[in-house]
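As stored in my_file22.tsv (TSV, C-alpha atoms):
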```tsv
chain	number	residue	atom	x	y	z
A	1099	MET	CA	-13.05	-7.14	-10.23
A	1100	ILE	CA	-11.26	-4.89	-12.69
A	1101	ALA	CA	-8.98	-3.73	-9.90
A	1102	ILE	CA	-7.68	-7.28	-9.27
A	1103	LYS	CA	-7.02	-7.84	-13.00
A	1104	GLU	CA	-5.12	-4.55	-13.09
A	1105	LYS	CA	-3.23	-5.62	-9.97
A	1106	GLN	CA	-2.30	-8.92	-11.66
A	1107	ASN	CA	-0.86	-6.96	-14.59
A	1108	LYS	CA	1.01	-4.66	-12.19
A	1109	ALA	CA	2.22	-7.75	-10.35
A	1110	PHE	CA	3.88	-8.89	-13.58
A	1111	GLU	CA	5.68	-5.56	-13.86
A	1112	HIS	CA	6.71	-5.77	-10.20
A	1113	LEU	CA	7.88	-9.39	-10.45
A	1114	LYS	CA	9.51	-9.03	-13.87
A	1115	GLY	CA	12.65	-7.46	-12.46
A	1116	LYS	CA	12.77	-9.63	-9.35
A	1117	PHE	CA	12.33	-13.03	-11.03
A	1118	GLY	CA	13.47	-12.24	-14.59
A	1119	TYR	CA	10.16	-12.76	-16.39
A	1120	THR	CA	10.14	-11.97	-20.09
A	1121	ASN	CA	6.50	-12.83	-20.81
A	1122	VAL	CA	3.21	-12.09	-19.01
A	1123	MET	CA	2.39	-15.81	-19.09
A	1124	GLN	CA	5.32	-16.54	-16.74
A	1125	SER	CA	3.78	-14.46	-13.97
A	1126	PRO	CA	1.68	-16.25	-11.31
A	1127	LYS	CA	-2.10	-16.07	-11.66
A	1128	LEU	CA	-5.00	-16.82	-9.33
A	1129	VAL	CA	-6.49	-20.26	-10.08
A	1130	LYS	CA	-9.25	-20.79	-7.50
A	1131	ILE	CA	-10.34	-20.03	-3.96
A	1132	ILE	CA	-11.63	-22.72	-1.61
A	1133	VAL	CA	-13.75	-21.52	1.31
A	1134	SER	CA	-14.76	-24.14	3.89
A	1135	SER	CA	-16.24	-24.37	7.35
A	1136	GLY	CA	-16.80	-27.27	9.72
A	1137	ILE	CA	-20.30	-27.99	10.99
A	1138	GLY	CA	-19.42	-28.98	14.54
A	1139	SER	CA	-22.32	-30.79	16.20
A	1140	LEU	CA	-24.23	-33.11	13.88
A	1141	LYS	CA	-27.33	-32.87	16.08
A	1142	ASP	CA	-28.06	-29.17	15.55
A	1143	LYS	CA	-29.92	-28.90	12.21
A	1144	LYS	CA	-30.46	-25.13	12.52
A	1145	LYS	CA	-26.74	-24.48	12.91
A	1146	LYS	CA	-26.06	-26.64	9.86
A	1147	GLU	CA	-28.58	-24.64	7.79
A	1148	LEU	CA	-27.17	-21.36	9.12
A	1149	ILE	CA	-23.60	-22.26	8.13
A	1150	GLU	CA	-24.70	-23.36	4.66
A	1151	ASN	CA	-26.76	-20.18	4.18
A	1152	ARG	CA	-24.05	-17.77	5.41
A	1153	LEU	CA	-21.27	-19.50	3.45
A	1154	SER	CA	-23.40	-19.29	0.31
A	1155	ARG	CA	-23.99	-15.56	0.92
A	1156	ILE	CA	-20.31	-14.85	1.54
A	1157	THR	CA	-19.04	-16.66	-1.56
A	1158	GLY	CA	-21.93	-15.96	-3.93
A	1159	GLN	CA	-22.62	-19.60	-4.76
A	1160	LYS	CA	-24.17	-22.64	-3.09
A	1161	ALA	CA	-21.97	-24.44	-0.59
A	1162	ALA	CA	-21.44	-28.19	-1.07
A	1163	GLU	CA	-21.80	-30.56	1.86
A	1164	LYS	CA	-18.69	-32.64	2.58
A	1165	GLY	CA	-18.89	-36.02	4.27
A	1166	ALA	CA	-16.52	-37.71	6.70
A	1167	LYS	CA	-13.84	-39.77	4.98
A	1168	LYS	CA	-13.86	-42.46	7.63
A	1169	SER	CA	-15.73	-43.44	10.78
A	1170	ILE	CA	-14.43	-42.26	14.15
A	1171	ALA	CA	-16.24	-43.91	17.05
A	1172	SER	CA	-14.99	-41.54	19.77
A	1173	PHE	CA	-16.51	-38.57	17.87
A	1174	LYS	CA	-19.66	-40.57	16.99
A	1175	VAL	CA	-19.07	-39.92	13.28
A	1176	ARG	CA	-19.78	-42.46	10.56
A	1177	GLN	CA	-18.25	-42.48	7.11
A	1178	GLY	CA	-20.26	-40.19	4.84
A	1179	ASP	CA	-21.85	-38.15	7.66
A	1180	PRO	CA	-21.85	-34.43	6.83
A	1181	VAL	CA	-18.99	-32.69	8.66
A	1182	ALA	CA	-18.33	-29.51	6.65
A	1183	PHE	CA	-19.43	-27.19	3.88
A	1184	GLN	CA	-17.10	-26.13	1.09
A	1185	THR	CA	-17.23	-23.80	-1.90
A	1186	THR	CA	-14.73	-23.53	-4.76
A	1187	ILE	CA	-14.81	-20.15	-6.48
A	1188	ARG	CA	-13.34	-19.40	-9.91
A	1189	GLY	CA	-13.51	-16.63	-12.50
A	1190	GLU	CA	-15.30	-13.35	-11.82
A	1191	ARG	CA	-16.67	-14.46	-8.43
A	1192	MET	CA	-13.11	-15.30	-7.37
A	1193	MET	CA	-11.90	-11.83	-8.34
A	1194	ASN	CA	-14.80	-10.18	-6.48
A	1195	PHE	CA	-14.12	-12.31	-3.39
A	1196	VAL	CA	-10.41	-11.38	-3.34
A	1197	GLU	CA	-11.28	-7.69	-3.67
A	1198	LYS	CA	-13.81	-7.99	-0.80
A	1199	LEU	CA	-11.34	-9.96	1.34
A	1200	ILE	CA	-8.50	-7.44	0.94
A	1201	ASN	CA	-10.50	-4.21	1.18
A	1202	ILE	CA	-13.39	-5.03	3.53
A	1203	ALA	CA	-13.08	-8.29	5.48
A	1204	LEU	CA	-9.44	-8.32	6.64
A	1205	PRO	CA	-9.52	-4.68	7.86
A	1206	ARG	CA	-12.66	-5.51	9.90
A	1207	THR	CA	-10.90	-8.39	11.67
A	1208	LYS	CA	-10.41	-7.74	15.36
A	1209	ASP	CA	-6.74	-7.16	16.34
A	1210	PHE	CA	-5.54	-7.79	12.77
A	1211	ARG	CA	-1.83	-7.09	12.37
A	1212	GLY	CA	-1.32	-8.71	8.97
A	1213	ILE	CA	-1.00	-12.14	7.39
A	1214	LYS	CA	1.85	-14.23	8.80
A	1215	GLU	CA	4.68	-15.50	6.62
A	1216	SER	CA	3.77	-19.10	7.50
A	1217	ALA	CA	0.39	-18.70	5.73
A	1218	VAL	CA	2.13	-18.69	2.33
A	1219	ASP	CA	2.75	-22.09	0.80
A	1220	VAL	CA	4.41	-23.13	-2.48
A	1221	SER	CA	1.24	-22.60	-4.52
A	1222	ALA	CA	-1.34	-21.21	-2.09
A	1223	LEU	CA	-2.18	-18.78	0.68
A	1224	ASN	CA	-4.01	-20.36	3.64
A	1225	LEU	CA	-6.06	-18.14	5.92
A	1226	GLY	CA	-8.02	-19.10	9.01
A	1227	ILE	CA	-10.74	-16.65	9.97
A	1228	LYS	CA	-12.22	-17.00	13.45
A	1229	GLU	CA	-15.46	-15.08	12.84
A	1230	HIS	CA	-17.54	-15.09	9.67
A	1231	THR	CA	-19.07	-11.77	10.76
A	1232	ILE	CA	-16.23	-9.77	9.18
A	1233	PHE	CA	-17.95	-10.20	5.80
A	1234	PRO	CA	-20.63	-7.59	5.03
A	1235	GLU	CA	-23.15	-10.13	3.64
A	1236	THR	CA	-23.73	-11.67	7.04
A	1237	ALA	CA	-26.44	-9.74	8.85
A	1238	ASP	CA	-25.50	-9.99	12.50
A	1239	GLU	CA	-28.90	-10.59	14.07
A	1240	ASP	CA	-27.64	-13.76	15.78
A	1241	VAL	CA	-24.23	-13.06	17.26
A	1242	LYS	CA	-24.33	-16.32	19.24
A	1243	ASP	CA	-23.97	-18.39	16.05
A	1244	VAL	CA	-20.48	-17.33	14.98
A	1245	PHE	CA	-18.33	-19.82	13.09
A	1246	GLY	CA	-14.87	-19.84	11.53
A	1247	LEU	CA	-13.77	-20.19	7.93
A	1248	ALA	CA	-10.74	-21.66	6.19
A	1249	ILE	CA	-9.77	-19.85	2.99
A	1250	THR	CA	-7.22	-21.28	0.54
A	1251	ILE	CA	-6.20	-19.09	-2.41
A	1252	VAL	CA	-4.47	-21.22	-5.06
A	1253	THR	CA	-2.03	-19.72	-7.60
A	1254	THR	CA	0.26	-20.92	-10.39
A	1255	ALA	CA	3.43	-19.81	-8.56
A	1256	LYS	CA	6.45	-22.10	-8.75
A	1257	ASN	CA	7.92	-21.46	-5.29
A	1258	LYS	CA	7.19	-19.82	-1.96
A	1259	GLU	CA	9.13	-16.59	-2.59
A	1260	GLU	CA	7.39	-16.04	-5.92
A	1261	ASN	CA	4.02	-16.70	-4.29
A	1262	ARG	CA	4.64	-14.24	-1.44
A	1263	ALA	CA	5.81	-11.52	-3.82
A	1264	PHE	CA	2.71	-12.10	-5.98
A	1265	PHE	CA	0.34	-11.76	-3.01
A	1266	GLU	CA	2.15	-8.60	-1.86
A	1267	ALA	CA	1.76	-7.13	-5.35
A	1268	LEU	CA	-1.99	-7.91	-5.24
A	1269	GLY	CA	-2.27	-5.93	-2.00
A	1270	PHE	CA	-2.54	-8.59	0.70
A	1271	PRO	CA	-1.43	-7.10	4.04
A	1272	PHE	CA	1.47	-9.13	5.45
A	1273	VAL	CA	3.06	-8.74	8.88
A	1274	LYS	CA	5.93	-6.30	8.73
A	1275	PRO	CA	9.32	-7.79	9.71
A	1276	GLY	CA	9.83	-7.31	13.44
A	1277	ASN	CA	6.05	-6.99	14.25
A	1278	LYS	CA	5.31	-10.57	15.20
```
Is it possible to give me this structure as structure tokens?
Amino acid sequence: MIAIKEKQNKAFEHLKGKFGYTNVMQSPKLVKIIVSSGIGSLKDKKKKELIENRLSRITGQKAAEKGAKKSIASFKVRQGDPVAFQTTIRGERMMNFVEKLINIALPRTKDFRGIKESAVDVSALNLGIKEHTIFPETADEDVKDVFGLAITIVTTAKNKEENRAFFEALGFPFVKPGNK
């Protein structure tokens, strides 16, 4: 966790010349991380429990069940039926998760070449992870039950360029120009 705080301070030094910051408070900061995963089939109770358990292990806190916003007859989903699990991480857990994501999880991703430019938004970084097994907390005794995650890292950046430069300063591996 200390490493990320140090990286945020170094990010200010790095961004100070590029964006003309005069105060540390002008530099972008991490606000929260939202980790979510869809359940898939509503019939399989064991898969639902597995996703909730693994998501809670990965993030370090209990995952909240999210219901459908509206009924969709062709998918046999009624309003309020559980369709996903979501966790919002802040504070020290957020810092630990970012450190784990950068140093352990992303390097373990199969055929990982870097984060694409399109993943950076005005105030967030959106990552889609195909396999939850890249995180060390998930004991891989059941390889057949692999699910994907959506990770959104929210910052206080004012524009896309500032946000990308901030994530680069934190150590996120982006695709090098020309290696698409």
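The interatomic distance for the pair CA of Lys1208 (chain A) and CA of His1230 (chain A) works out to 11.7 Å.
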Which residues come within 8 Å of Leu1268 (chain A), counting only C-alpha atoms, excluding same-chain residues fewer than 4 positions away, as a PyMOL selection string? chain A and resi 1102+1105-1106+1109+1264
Report as CSV the residues of region 1165-1210 of chain A within 7 Å of region 1158-1161 of chain A, each with its shortest atom pair and distance in Å (one decimal), using only C-alpha atoms, ordered by chain and increasing residue number.
```
residue,atom,partner,partner_atom,distance
A:Phe1183,CA,A:Ala1161,CA,5.8
A:Gln1184,CA,A:Ala1161,CA,5.4
A:Thr1185,CA,A:Ala1161,CA,5.0
```
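Ranking A:Ala1263, A:Val1273, A:Ala1203, A:Ile1149 by their shortest atom-to-atom distance to His1112 (chain A), with only C-alpha atoms included, puts A:Ala1263 first.
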Protein, DNA and RNA residues within 8 Å of (-6.3, -8.5, -0.2), all atoms listed in the file, as an mmCIF file with C-alpha atoms, in the frame of the given file:
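Generated output (result00.cif):
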```cif
data_model
loop_
_atom_site.group_PDB
_atom_site.id
_atom_site.type_symbol
_atom_site.label_atom_id
_atom_site.label_comp_id
_atom_site.auth_asym_id
_atom_site.auth_seq_id
_atom_site.Cartn_x
_atom_site.Cartn_y
_atom_site.Cartn_z
ATOM 1 C CA VAL A 1196 -10.410 -11.380 -3.340
ATOM 2 C CA GLU A 1197 -11.280 -7.690 -3.670
ATOM 3 C CA LYS A 1198 -13.810 -7.990 -0.800
ATOM 4 C CA LEU A 1199 -11.340 -9.960 1.340
ATOM 5 C CA ILE A 1200 -8.500 -7.440 0.940
ATOM 6 C CA ASN A 1201 -10.500 -4.210 1.180
ATOM 7 C CA LEU A 1204 -9.440 -8.320 6.640
ATOM 8 C CA PHE A 1265 0.340 -11.760 -3.010
ATOM 9 C CA LEU A 1268 -1.990 -7.910 -5.240
ATOM 10 C CA GLY A 1269 -2.270 -5.930 -2.000
ATOM 11 C CA PHE A 1270 -2.540 -8.590 0.700
ATOM 12 C CA PRO A 1271 -1.430 -7.100 4.040
#
```
Between A:Lys1164, A:Lys1116, A:Leu1247, A:Ser1125, which is the closest to Gln1177 (chain A) once you count all atoms listed in the file?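 Among the listed residues, A:Lys1164 lies closest to Gln1177 (chain A).
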Kindly provide, as AutoDock Vina command-line options, the centre and edge lengths (Å, one decimal) of an axis-aligned box around all atoms of region 1213-1229 of chain A given in the file, with 6 Å on each side.
```
--center_x -5.4 --center_y -17.6 --center_z 4.5 --size_x 32.1 --size_y 23.0 --size_z 30.0
```
Selection near Glu1163 (chain A), 12 Å with only C-alpha atoms, sequence-local residues under 3 positions removed, as a ChimeraX atom specification: /A:1134-1137,1146-1147,1149-1151,1153-1154,1160,1166,1178-1186
Using only C-alpha atoms, the residue out of A:Pro1126, A:Pro1275, A:Lys1108, A:Asp1142 with shortest distance to Asn1257 (chain A) is A:Pro1126
Grab the CA of Thr1231 (chain A) to CA of Glu1190 (chain A) distance for me, in Å with one decimal place.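 Going from CA of Thr1231 (chain A) over to CA of Glu1190 (chain A) covers 22.9 Å.
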Hey, can you check how far CA of Asn1194 (chain A) sits from CA of Phe1117 (chain A)? 27.7 Å
From A:Lys1144, A:Arg1262, A:Arg1191, A:Lys1130, residue lying nearest Ile1213 (chain A) [only C-alpha atoms]: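 So, comparing all the options, the nearest one is A:Arg1262.
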Nearest to Ala1217 (chain A) among A:Thr1236, A:Thr1254, A:Asn1121, A:Asn1261, with distances taken over all atoms listed in the file: which residue is it?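 Of A:Thr1236, A:Thr1254, A:Asn1121, A:Asn1261, the one nearest Ala1217 (chain A) is A:Asn1261, counting all atoms listed in the file.
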Using all atoms listed in the file, which residue out of A:Val1122, A:Leu1128, A:Met1192, A:Ala1267 lies closest to Thr1253 (chain A)? A:Leu1128
Could I see region 1262-1274 of chain A restored to N, CA and C atoms, set down as a PDB file, in the frame of the given file?
```
ATOM      1  N   ARG A1262       4.742 -15.351  -2.390  1.00  0.00           N
ATOM      2  CA  ARG A1262       4.640 -14.240  -1.440  1.00  0.00           C
ATOM      3  C   ARG A1262       4.728 -12.901  -2.152  1.00  0.00           C
ATOM      4  N   ALA A1263       5.663 -12.775  -3.074  1.00  0.00           N
ATOM      5  CA  ALA A1263       5.810 -11.520  -3.820  1.00  0.00           C
ATOM      6  C   ALA A1263       4.557 -11.230  -4.648  1.00  0.00           C
ATOM      7  N   PHE A1264       3.941 -12.267  -5.203  1.00  0.00           N
ATOM      8  CA  PHE A1264       2.710 -12.100  -5.980  1.00  0.00           C
ATOM      9  C   PHE A1264       1.572 -11.586  -5.096  1.00  0.00           C
ATOM     10  N   PHE A1265       1.405 -12.195  -3.909  1.00  0.00           N
ATOM     11  CA  PHE A1265       0.340 -11.760  -3.010  1.00  0.00           C
ATOM     12  C   PHE A1265       0.588 -10.336  -2.496  1.00  0.00           C
ATOM     13  N   GLU A1266       1.844  -9.978  -2.266  1.00  0.00           N
ATOM     14  CA  GLU A1266       2.150  -8.600  -1.860  1.00  0.00           C
ATOM     15  C   GLU A1266       1.788  -7.628  -2.968  1.00  0.00           C
ATOM     16  N   ALA A1267       2.073  -7.994  -4.212  1.00  0.00           N
ATOM     17  CA  ALA A1267       1.760  -7.130  -5.350  1.00  0.00           C
ATOM     18  C   ALA A1267       0.244  -6.974  -5.525  1.00  0.00           C
ATOM     19  N   LEU A1268      -0.524  -7.997  -5.156  1.00  0.00           N
ATOM     20  CA  LEU A1268      -1.990  -7.910  -5.240  1.00  0.00           C
ATOM     21  C   LEU A1268      -2.562  -7.017  -4.139  1.00  0.00           C
ATOM     22  N   GLY A1269      -1.802  -6.804  -3.071  1.00  0.00           N
ATOM     23  CA  GLY A1269      -2.270  -5.930  -2.000  1.00  0.00           C
ATOM     24  C   GLY A1269      -2.635  -6.624  -0.714  1.00  0.00           C
ATOM     25  N   PHE A1270      -2.268  -7.890  -0.560  1.00  0.00           N
ATOM     26  CA  PHE A1270      -2.540  -8.590   0.700  1.00  0.00           C
ATOM     27  C   PHE A1270      -1.645  -8.016   1.792  1.00  0.00           C
ATOM     28  N   PRO A1271      -2.215  -7.696   2.946  1.00  0.00           N
ATOM     29  CA  PRO A1271      -1.430  -7.100   4.040  1.00  0.00           C
ATOM     30  C   PRO A1271      -0.665  -8.150   4.840  1.00  0.00           C
ATOM     31  N   PHE A1272       0.642  -8.179   4.712  1.00  0.00           N
ATOM     32  CA  PHE A1272       1.470  -9.130   5.450  1.00  0.00           C
ATOM     33  C   PHE A1272       2.055  -8.446   6.685  1.00  0.00           C
ATOM     34  N   VAL A1273       2.424  -9.261   7.677  1.00  0.00           N
ATOM     35  CA  VAL A1273       3.060  -8.740   8.880  1.00  0.00           C
ATOM     36  C   VAL A1273       4.399  -8.135   8.501  1.00  0.00           C
ATOM     37  N   LYS A1274       4.651  -6.945   9.006  1.00  0.00           N
ATOM     38  CA  LYS A1274       5.930  -6.300   8.730  1.00  0.00           C
ATOM     39  C   LYS A1274       7.019  -7.014   9.529  1.00  0.00           C
TER      40      LYS A1274
END
```
